[in-house]
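What follows is the content of query-v1.cif (mmCIF, C-alpha atoms and all ligand atoms).
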```cif
data_input
#
loop_
_atom_site.label_atom_id
_atom_site.label_comp_id
_atom_site.auth_asym_id
_atom_site.auth_seq_id
_atom_site.Cartn_x
_atom_site.Cartn_y
_atom_site.Cartn_z
CA GLY A 1 170.04 56.58 -43.15
CA LYS A 2 167.09 55.85 -45.43
CA VAL A 3 166.91 57.63 -48.75
CA ARG A 4 163.37 58.48 -49.88
CA ALA A 5 163.04 58.35 -53.66
CA PRO A 6 161.13 61.43 -54.89
CA THR A 7 157.53 60.60 -55.87
CA HIS A 8 155.83 61.61 -59.09
CA ILE A 9 152.39 61.91 -57.55
CA ILE A 10 151.16 63.50 -54.32
CA SER A 11 147.72 62.49 -53.05
CA THR A 12 145.96 63.61 -49.89
CA ILE A 13 142.35 62.42 -49.98
CA SER A 14 142.34 58.64 -49.88
CA ASP A 15 144.61 55.70 -49.09
CA ASP A 16 144.18 52.09 -50.16
CA ARG A 17 147.41 50.64 -48.77
CA GLY A 18 146.02 49.21 -45.55
CA GLU A 19 143.47 46.51 -44.87
CA GLU A 20 140.66 48.76 -46.05
CA PRO A 21 140.42 52.01 -48.02
CA CYS A 22 140.37 55.25 -46.03
CA TYR A 23 138.69 58.48 -47.11
CA ALA A 24 140.48 61.47 -45.50
CA GLY A 25 141.77 59.13 -42.83
CA ILE A 26 138.38 57.55 -42.05
CA PRO A 27 138.35 53.76 -42.65
CA MET A 28 135.61 52.29 -44.83
CA SER A 29 134.36 50.16 -41.93
CA THR A 30 133.62 53.34 -39.93
CA ILE A 31 131.89 54.90 -42.95
CA VAL A 32 129.66 51.86 -43.38
CA GLU A 33 129.11 50.93 -39.72
CA GLN A 34 128.48 54.49 -38.52
CA GLY A 35 125.85 55.00 -41.24
CA TYR A 36 127.66 57.76 -43.16
CA GLY A 37 125.81 59.00 -46.26
CA VAL A 38 126.84 60.32 -49.68
CA GLY A 39 127.04 63.84 -48.19
CA ASP A 40 129.63 62.61 -45.67
CA VAL A 41 131.65 60.89 -48.40
CA ILE A 42 131.62 64.10 -50.48
CA SER A 43 132.72 66.05 -47.40
CA LEU A 44 135.66 63.69 -46.86
CA LEU A 45 136.81 63.39 -50.47
CA TRP A 46 136.21 66.97 -51.61
CA PHE A 47 136.67 69.02 -48.43
CA LYS A 48 138.94 66.58 -46.54
CA ARG A 49 136.92 66.83 -43.31
CA SER A 50 133.73 65.61 -41.70
CA LEU A 51 131.06 68.30 -41.87
CA PRO A 52 128.13 68.67 -39.46
CA ARG A 53 124.93 66.79 -40.30
CA TYR A 54 123.02 69.88 -41.47
CA CYS A 55 125.78 70.49 -44.05
CA THR A 56 125.94 66.91 -45.34
CA GLN A 57 122.14 66.84 -45.54
CA PHE A 58 122.23 70.08 -47.53
CA ILE A 59 124.75 68.50 -49.94
CA GLU A 60 122.47 65.48 -50.32
CA ILE A 61 119.45 67.70 -50.99
CA CYS A 62 121.45 69.49 -53.74
CA ILE A 63 122.31 66.12 -55.29
CA MET A 64 118.72 64.87 -55.13
CA LEU A 65 117.10 67.94 -56.57
CA CYS A 66 119.62 68.39 -59.39
CA ALA A 67 119.59 64.70 -60.36
CA ASP A 68 117.28 65.29 -63.31
CA HIS A 69 115.05 67.90 -64.95
CA GLY A 70 113.28 66.03 -67.67
CA PRO A 71 114.29 65.03 -71.21
CA CYS A 72 114.23 68.51 -72.79
CA VAL A 73 117.25 70.15 -71.13
CA SER A 74 120.61 70.29 -72.94
CA GLY A 75 122.30 67.47 -71.03
CA ALA A 76 119.46 64.95 -71.26
CA HIS A 77 118.90 65.81 -74.92
CA ASN A 78 122.53 65.04 -75.81
CA THR A 79 122.49 61.83 -73.78
CA ILE A 80 119.25 60.67 -75.45
CA VAL A 81 120.57 61.40 -78.96
CA THR A 82 123.84 59.60 -78.17
CA ALA A 83 122.12 56.55 -76.66
CA ARG A 84 119.87 56.40 -79.72
CA ALA A 85 122.97 56.43 -81.93
CA GLY A 86 123.79 53.08 -80.35
CA LYS A 87 126.59 54.33 -78.17
CA ASP A 88 127.52 52.81 -74.81
CA LEU A 89 126.72 54.09 -71.31
CA VAL A 90 129.91 56.08 -70.78
CA SER A 91 129.67 57.79 -74.20
CA SER A 92 125.99 58.65 -73.64
CA LEU A 93 126.75 59.98 -70.14
CA VAL A 94 129.71 62.16 -71.10
CA SER A 95 127.90 63.49 -74.16
CA GLY A 96 125.29 64.92 -71.77
CA LEU A 97 127.84 66.05 -69.21
CA LEU A 98 129.70 68.03 -71.88
CA THR A 99 126.79 70.49 -72.11
CA ILE A 100 127.21 71.51 -68.46
CA GLY A 101 128.77 74.94 -68.48
CA PRO A 102 128.14 78.66 -68.06
CA ARG A 103 124.58 78.54 -69.40
CA PHE A 104 123.41 75.17 -68.14
CA GLY A 105 124.13 73.77 -64.68
CA GLY A 106 127.69 75.01 -64.56
CA ALA A 107 127.06 78.53 -63.31
CA ILE A 108 127.31 77.61 -59.62
CA ASP A 109 130.97 78.51 -59.14
CA ASP A 110 130.68 81.80 -60.98
CA ALA A 111 127.50 82.63 -59.05
CA ALA A 112 129.41 82.03 -55.80
CA ARG A 113 132.38 84.09 -57.05
CA TYR A 114 130.33 87.09 -58.20
CA PHE A 115 127.83 87.10 -55.29
CA LYS A 116 130.69 86.80 -52.77
CA ASP A 117 132.69 89.58 -54.36
CA ALA A 118 129.67 91.90 -54.58
CA TYR A 119 128.48 91.18 -51.02
CA ASP A 120 131.97 91.45 -49.47
CA ARG A 121 132.52 94.76 -51.27
CA GLY A 122 129.17 96.04 -49.95
CA LEU A 123 127.67 96.64 -53.42
CA THR A 124 123.92 97.25 -53.53
CA PRO A 125 122.03 94.89 -55.88
CA TYR A 126 121.60 97.86 -58.22
CA GLU A 127 125.36 98.59 -58.29
CA PHE A 128 126.18 94.90 -58.74
CA VAL A 129 123.71 94.15 -61.55
CA GLU A 130 124.29 97.39 -63.45
CA GLY A 131 128.07 96.95 -63.03
CA MET A 132 127.80 93.49 -64.61
CA LYS A 133 125.70 94.91 -67.43
CA LYS A 134 128.35 97.56 -68.14
CA LYS A 135 130.95 94.80 -68.36
CA GLY A 136 128.64 92.83 -70.68
CA ILE A 137 128.49 89.83 -68.32
CA ARG A 138 125.22 88.03 -67.54
CA VAL A 139 124.76 87.57 -63.79
CA PRO A 140 125.52 83.89 -63.16
CA GLY A 141 122.76 82.24 -61.14
CA ILE A 142 120.09 84.55 -62.53
CA GLY A 143 117.68 83.72 -65.38
CA HIS A 144 115.88 80.63 -66.62
CA ARG A 145 114.44 79.42 -69.91
CA ILE A 146 111.04 78.47 -68.47
CA LYS A 147 110.89 79.71 -64.87
CA ARG A 148 109.39 83.13 -64.25
CA GLY A 149 108.64 85.55 -61.41
CA ASP A 150 105.11 84.12 -61.28
CA ASN A 151 106.27 80.50 -61.79
CA ARG A 152 109.27 80.18 -59.49
CA ASP A 153 111.58 77.18 -59.34
CA LYS A 154 110.34 74.91 -56.55
CA ARG A 155 113.87 73.56 -56.08
CA VAL A 156 115.12 77.04 -55.17
CA GLU A 157 112.30 77.43 -52.62
CA LEU A 158 113.12 74.04 -51.07
CA LEU A 159 116.81 74.90 -50.70
CA GLN A 160 116.00 78.29 -49.22
CA ARG A 161 113.51 76.82 -46.75
CA TYR A 162 116.03 74.19 -45.61
CA ALA A 163 118.79 76.75 -45.14
CA ARG A 164 116.59 79.26 -43.31
CA THR A 165 115.71 76.50 -40.82
CA HIS A 166 119.14 74.88 -40.40
CA PHE A 167 121.92 77.33 -41.30
CA PRO A 168 123.28 79.70 -38.63
CA SER A 169 123.41 82.49 -41.23
CA VAL A 170 122.01 82.92 -44.73
CA LYS A 171 123.49 86.34 -45.49
CA TYR A 172 124.78 85.45 -48.96
CA MET A 173 121.47 83.83 -49.89
CA GLU A 174 119.55 86.89 -48.67
CA TYR A 175 121.83 89.02 -50.82
CA ALA A 176 121.09 86.78 -53.84
CA VAL A 177 117.36 87.20 -53.10
CA GLN A 178 117.79 91.00 -53.08
CA VAL A 179 119.63 90.75 -56.41
CA GLU A 180 116.73 88.66 -57.75
CA THR A 181 114.20 91.26 -56.55
CA TYR A 182 116.10 93.85 -58.56
CA THR A 183 116.54 91.70 -61.70
CA LEU A 184 112.85 90.70 -61.59
CA SER A 185 111.97 94.38 -61.65
CA LYS A 186 113.82 94.49 -65.00
CA ALA A 187 112.43 91.28 -66.59
CA ASN A 188 110.15 88.47 -65.45
CA ASN A 189 112.55 85.67 -66.56
CA LEU A 190 115.41 86.92 -64.38
CA VAL A 191 114.69 84.68 -61.38
CA LEU A 192 117.29 83.27 -59.01
CA ASN A 193 117.91 79.86 -60.57
CA VAL A 194 119.02 76.62 -58.94
CA ASP A 195 122.69 77.33 -59.75
CA GLY A 196 122.45 80.74 -58.07
CA ALA A 197 120.65 79.30 -55.05
CA ILE A 198 123.27 76.58 -54.55
CA GLY A 199 126.16 79.01 -55.18
CA SER A 200 124.97 81.58 -52.65
CA LEU A 201 123.92 78.98 -50.06
CA PHE A 202 127.22 77.16 -50.29
CA LEU A 203 128.93 80.44 -49.43
CA ASP A 204 126.73 80.53 -46.32
CA LEU A 205 127.62 76.92 -45.54
CA LEU A 206 131.36 77.59 -45.89
CA ALA A 207 131.27 80.83 -43.88
CA GLY A 208 128.74 79.79 -41.23
CA SER A 209 129.73 76.23 -40.36
CA GLY A 210 132.93 77.27 -38.55
CA MET A 211 134.69 74.40 -40.38
CA PHE A 212 136.67 76.51 -42.86
CA ASN A 213 139.04 79.45 -42.39
CA LYS A 214 139.05 82.40 -44.77
CA PRO A 215 141.96 81.25 -46.99
CA GLU A 216 140.27 77.84 -47.33
CA ILE A 217 136.97 79.45 -48.37
CA ASP A 218 138.77 81.67 -50.87
CA GLU A 219 140.57 78.64 -52.31
CA ILE A 220 137.36 76.59 -52.66
CA VAL A 221 135.65 79.48 -54.46
CA GLU A 222 138.71 80.20 -56.63
CA ILE A 223 139.34 76.57 -57.66
CA GLY A 224 135.60 76.09 -58.24
CA TYR A 225 134.35 73.00 -56.37
CA LEU A 226 130.66 73.71 -56.64
CA ASN A 227 129.88 72.87 -60.26
CA GLY A 228 130.93 69.39 -59.14
CA LEU A 229 127.63 69.15 -57.27
CA PHE A 230 125.64 69.58 -60.49
CA VAL A 231 127.93 67.29 -62.50
CA LEU A 232 127.63 64.56 -59.89
CA ALA A 233 123.90 65.00 -59.43
CA ARG A 234 122.96 65.18 -63.11
CA SER A 235 125.04 62.06 -63.87
CA ILE A 236 122.31 60.15 -62.01
CA GLY A 237 119.65 61.43 -64.40
CA LEU A 238 121.80 61.07 -67.52
CA ILE A 239 122.52 57.43 -66.68
CA GLY A 240 118.76 56.98 -66.20
CA HIS A 241 118.03 58.54 -69.61
CA THR A 242 120.56 56.18 -71.23
CA PHE A 243 118.86 53.12 -69.72
CA ASP A 244 115.44 54.51 -70.65
CA GLN A 245 116.35 54.86 -74.34
CA LYS A 246 117.91 51.38 -74.45
CA ARG A 247 114.88 49.87 -72.67
CA LEU A 248 112.55 51.57 -75.14
CA LYS A 249 114.74 50.32 -78.05
CA GLN A 250 114.62 53.78 -79.58
CA PRO A 251 115.97 54.09 -83.13
CA LEU A 252 118.60 56.52 -84.41
CA TYR A 253 117.44 60.08 -83.85
CA ARG A 254 117.21 62.38 -86.84
CA HIS A 255 116.01 65.93 -86.39
CA PRO A 256 112.99 66.80 -88.62
CA TRP A 257 113.63 69.13 -91.59
CA GLU A 258 110.52 71.13 -90.66
CA ASP A 259 112.19 72.19 -87.43
CA VAL A 260 115.19 73.71 -89.19
CA LEU A 261 115.19 77.11 -90.85
CA TYR A 262 117.26 76.53 -94.00
CA THR A 263 118.43 79.93 -95.14
CA LYS A 264 121.32 81.68 -96.82
N1 LIG A 301 121.92 88.47 -66.27
C1 LIG A 301 121.55 89.57 -66.96
N2 LIG A 301 120.72 89.57 -68.00
C2 LIG A 301 120.23 88.39 -68.39
C3 LIG A 301 120.55 87.20 -67.73
C4 LIG A 301 121.43 87.26 -66.64
N3 LIG A 301 121.80 86.15 -65.98
N4 LIG A 301 119.89 86.18 -68.33
C5 LIG A 301 119.18 86.71 -69.34
N5 LIG A 301 119.38 88.05 -69.38
C6 LIG A 301 118.81 88.98 -70.31
C7 LIG A 301 119.46 88.81 -71.65
O1 LIG A 301 120.54 89.68 -71.79
C8 LIG A 301 118.35 89.08 -72.57
O2 LIG A 301 118.28 90.44 -72.87
P1 LIG A 301 118.89 90.96 -74.25
O3 LIG A 301 118.27 90.09 -75.34
O4 LIG A 301 118.51 92.38 -74.28
O5 LIG A 301 120.38 90.71 -74.13
C9 LIG A 301 117.06 88.73 -71.85
O6 LIG A 301 117.41 88.64 -70.49
C10 LIG A 301 116.49 87.42 -72.31
O7 LIG A 301 117.54 86.54 -72.42
P2 LIG A 301 117.43 85.18 -73.19
O8 LIG A 301 118.71 84.97 -73.93
O9 LIG A 301 116.14 85.05 -73.94
O10 LIG A 301 117.41 84.19 -71.97
P3 LIG A 301 117.51 82.67 -72.12
O11 LIG A 301 116.19 82.15 -71.74
O12 LIG A 301 118.05 82.25 -73.42
O13 LIG A 301 118.66 82.36 -71.09
C11 LIG A 301 119.87 81.49 -69.37
C12 LIG A 301 118.53 81.55 -70.01
C13 LIG A 301 120.90 80.86 -70.35
C14 LIG A 301 119.78 80.62 -68.12
C15 LIG A 301 120.34 82.92 -69.02
O14 LIG A 301 119.43 83.50 -68.13
C16 LIG A 301 121.75 82.98 -68.43
O15 LIG A 301 122.71 83.00 -69.19
N6 LIG A 301 121.85 83.01 -67.08
C17 LIG A 301 123.14 83.02 -66.42
C18 LIG A 301 123.74 81.65 -66.41
C19 LIG A 301 123.04 80.71 -65.47
O16 LIG A 301 122.76 81.05 -64.32
N7 LIG A 301 122.78 79.48 -65.95
C20 LIG A 301 122.18 78.43 -65.09
C21 LIG A 301 120.70 78.26 -65.39
S1 LIG A 301 119.94 77.09 -64.23
C22 LIG A 301 120.42 75.55 -64.82
O17 LIG A 301 120.89 75.40 -65.87
C23 LIG A 301 120.25 74.37 -63.93
C1 LIG A 302 117.88 71.96 -65.16
O1 LIG A 302 117.96 71.67 -63.96
O2 LIG A 302 118.29 71.19 -66.05
C2 LIG A 302 117.25 73.20 -65.58
O3 LIG A 302 116.96 74.10 -64.60
C3 LIG A 302 117.51 73.72 -66.93
C4 LIG A 302 116.20 73.92 -67.68
O4 LIG A 302 116.26 74.47 -68.79
O5 LIG A 302 115.14 73.58 -67.18
#
```

Rewritten as structure tokens:
Amino acid sequence: GKVRAPTHIISTISDDRGEEPCYAGIPMSTIVEQGYGVGDVISLLWFKRSLPRYCTQFIEICIMLCADHGPCVSGAHNTIVTARAGKDLVSSLVSGLLTIGPRFGGAIDDAARYFKDAYDRGLTPYEFVEGMKKKGIRVPGIGHRIKRGDNRDKRVELLQRYARTHFPSVKYMEYAVQVETYTLSKANNLVLNVDGAIGSLFLDLLAGSGMFNKPEIDEIVEIGYLNGLFVLARSIGLIGHTFDQKRLKQPLYRHPWEDVLYTK
């Protein structure tokens, strides 16, 4: 009989051997002709299934509202400095992307992990937040440099409004809101931020859509798919900042001495 040589790579999300590429078994012609969007493509390539329209639209809203947040945030700052140092598009982009992490934009997975664990264990917001404090861990998804209890993040409101209208259940999001109510009673900067809103709402999407079983949800949360949403989204803005600096022919950036405290 036939002997199959062992392969060095296993791949399950896409196939380019036929007449046209397929994403999770769906041919490109179907994707184009049936009017699939970026949310559908993300569903196929990340989750290996077609998700209902309200889910793909939610994914697209996350991408649109995280695409940029002005020139002053860590990622854009790095990209601008790099572009002004004369570097190419990819270098400028990755320089910005490298700032995405536990403090900036990359707290979505940890927010999902901690909110899920606390909700599933039935912890009250008080028990959850004070437990985190005892462990010396900041609550991921809570806190912002400029947003406050009396100047909430519009993006969070928009996500919450969409989910309350379209999701069958928003139990994890409601839990995150209760956590926020408690943290705001401690300090005015401890709002639910966009990472926390996406993290908690994606738990609701995974649990409420009926498209994922429990081990699959646990695996998605454990591997950490959700920071990918911010990385993908913010790449749009970082590429824009690179073009902007090049278009403006901005010179090499040098930080002013006056803005540095030189001390021993
Ligand atoms: N949980 C508990 N306490 C917090 C949190 C939090 N998430 N965030 C701030 N605090 C506390 C701090 O401990 C600090 O008190 P302390 O000085 O007694 O320790 C006080 O609030 C003020 O903290 P600052 O350091 O001044 O807050 P800063 O404005 O520098 O931090 C940040 C903002 C980095 C977002 C912070 O709130 C944080 O680490 N949050 C968790 C990570 C996160 O969700 N990041 C995503 C932000 S949204 C985005 O980037 C798109
Ligand atoms: C962002 O989306 O970049 C922000 O929420 C971070 C910030 O500091 O504004």

Which residues of chain A have any atom within 10 Å of an atom in ligand LIG 301 (chain A) when counting only C-alpha atoms and all ligand atoms, and what is the closest pair of atoms for each, with the distance in Å to one decimal? Order the rows by chain and rising number and write it as CSV.
```
residue,atom,partner,partner_atom,distance
A:Cys66,CA,A:LIG301,C23,7.5
A:Asp68,CA,A:LIG301,C23,9.6
A:His69,CA,A:LIG301,C23,8.4
A:Val73,CA,A:LIG301,O17,8.3
A:Ser74,CA,A:LIG301,O17,8.7
A:Gly75,CA,A:LIG301,O17,9.6
A:Thr99,CA,A:LIG301,O17,9.9
A:Ile100,CA,A:LIG301,O17,7.9
A:Gly101,CA,A:LIG301,N7,7.9
A:Pro102,CA,A:LIG301,C18,5.6
A:Arg103,CA,A:LIG301,N7,4.0
A:Phe104,CA,A:LIG301,O17,3.4
A:Gly105,CA,A:LIG301,O17,3.8
A:Gly106,CA,A:LIG301,C20,6.5
A:Ala107,CA,A:LIG301,C19,5.1
A:Ile108,CA,A:LIG301,O16,7.4
A:Asp110,CA,A:LIG301,O16,8.6
A:Ala111,CA,A:LIG301,O16,7.3
A:Val129,CA,A:LIG301,C1,7.4
A:Glu130,CA,A:LIG301,C1,9.0
A:Met132,CA,A:LIG301,C1,7.7
A:Lys133,CA,A:LIG301,C1,6.8
A:Gly136,CA,A:LIG301,C1,8.6
A:Ile137,CA,A:LIG301,N1,7.0
A:Arg138,CA,A:LIG301,N1,3.6
A:Val139,CA,A:LIG301,N1,3.9
A:Pro140,CA,A:LIG301,O16,4.1
A:Gly141,CA,A:LIG301,O16,3.4
A:Ile142,CA,A:LIG301,N3,4.2
A:Gly143,CA,A:LIG301,O14,3.3
A:His144,CA,A:LIG301,C14,4.2
A:Arg145,CA,A:LIG301,O11,3.7
A:Ile146,CA,A:LIG301,O11,7.1
A:Lys147,CA,A:LIG301,O11,9.0
A:Asp153,CA,A:LIG301,S1,9.7
A:Glu180,CA,A:LIG301,N1,10.0
A:Thr183,CA,A:LIG301,C1,7.6
A:Lys186,CA,A:LIG301,O6,8.8
A:Ala187,CA,A:LIG301,O6,6.9
A:Asn188,CA,A:LIG301,O6,8.8
A:Asn189,CA,A:LIG301,O6,6.9
A:Leu190,CA,A:LIG301,N4,6.0
A:Val191,CA,A:LIG301,O14,8.3
A:Leu192,CA,A:LIG301,O16,7.9
A:Asn193,CA,A:LIG301,S1,5.0
A:Val194,CA,A:LIG301,S1,5.4
A:Asp195,CA,A:LIG301,S1,5.3
A:Gly196,CA,A:LIG301,O16,6.3
A:Ala197,CA,A:LIG301,S1,9.5
A:Gly199,CA,A:LIG301,O16,10.0
A:Phe230,CA,A:LIG301,C23,8.0
A:Arg234,CA,A:LIG301,C23,9.6
```

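Taking all atoms listed in the file into account, the polymer residues that have an atom no farther than 12 Å from (136.5, 74.1, -58.6) are A:Trp46, A:Phe47, A:Gly106, A:Ala107, A:Ile108, A:Asp109, A:Asp110, A:Ala112, A:Arg113, A:Gly199, A:Ile217, A:Asp218, A:Glu219, A:Ile220, A:Val221, A:Glu222, A:Ile223, A:Gly224, A:Tyr225, A:Leu226, A:Asn227, A:Gly228, A:Leu229, A:Phe230, A:Val231.
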
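When all atoms listed in the file are used to measure the gap to ligand LIG 302 (chain A), the shortest distance among A:Ser91, A:Ser235, A:Thr165, A:Thr242 belongs to A:Ser235.
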
Next item on the list: Have a look at A:Cys22, A:Arg152, A:His166, A:Val41 and name the one nearest to ligand LIG 302 (chain A); count only C-alpha atoms and all ligand atoms.
Entry: A:Arg152

Notebook entry, point to check: Taking all atoms listed in the file into account, which of A:Leu97, A:Ala83, A:Leu203, A:Ile239 comes nearest ligand LIG 302 (chain A)?
Noted result: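 Once distances to ligand LIG 302 (chain A) are computed over all atoms listed in the file, the minimum belongs to A:Leu97.
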
Next item on the list: Give the answer as one residue: which of A:Gly86, A:Lys154, A:Lys48, A:Met211 has the shortest atom-to-atom distance to ligand LIG 302 (chain A), using only C-alpha atoms and all ligand atoms?
Entry: A:Lys154

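Candidate residues A:Gly37, A:Pro71, A:Pro21, A:Pro215 were compared for distance to Ser50 (chain A), and the nearest is A:Gly37, using all atoms listed in the file.
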
Check: Mind pulling up the distance from CA of Thr82 (chain A) to CA of His241 (chain A)?
Finding: 10.4 Å

Give me the residues within 6 Å of Thr79 (chain A) as a PDB file with C-alpha atoms, keeping the file's coordinate frame, counting all atoms listed in the file and dropping any in the same chain fewer than 5 places off.
```
ATOM      1  CA  SER A  92     125.990  58.650 -73.640  1.00  0.00           C
ATOM      2  CA  LEU A  93     126.750  59.980 -70.140  1.00  0.00           C
ATOM      3  CA  SER A  95     127.900  63.490 -74.160  1.00  0.00           C
ATOM      4  CA  GLY A  96     125.290  64.920 -71.770  1.00  0.00           C
TER       5      GLY A  96
END
```

Check: At what distance in Å, to one decimal, does CA of Leu98 (chain A) lie from CA of Ile80 (chain A)?
Finding: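 Taking CA of Ile80 (chain A) as the start and CA of Leu98 (chain A) as the end point, the length is 13.3 Å.
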
Check: Which residue gives the smallest distance to Leu232 (chain A) among A:Leu44, A:Leu184, A:Leu206, A:Ala67, with only C-alpha atoms counted?
Finding: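 Once distances to Leu232 (chain A) are computed over only C-alpha atoms, the minimum belongs to A:Ala67.
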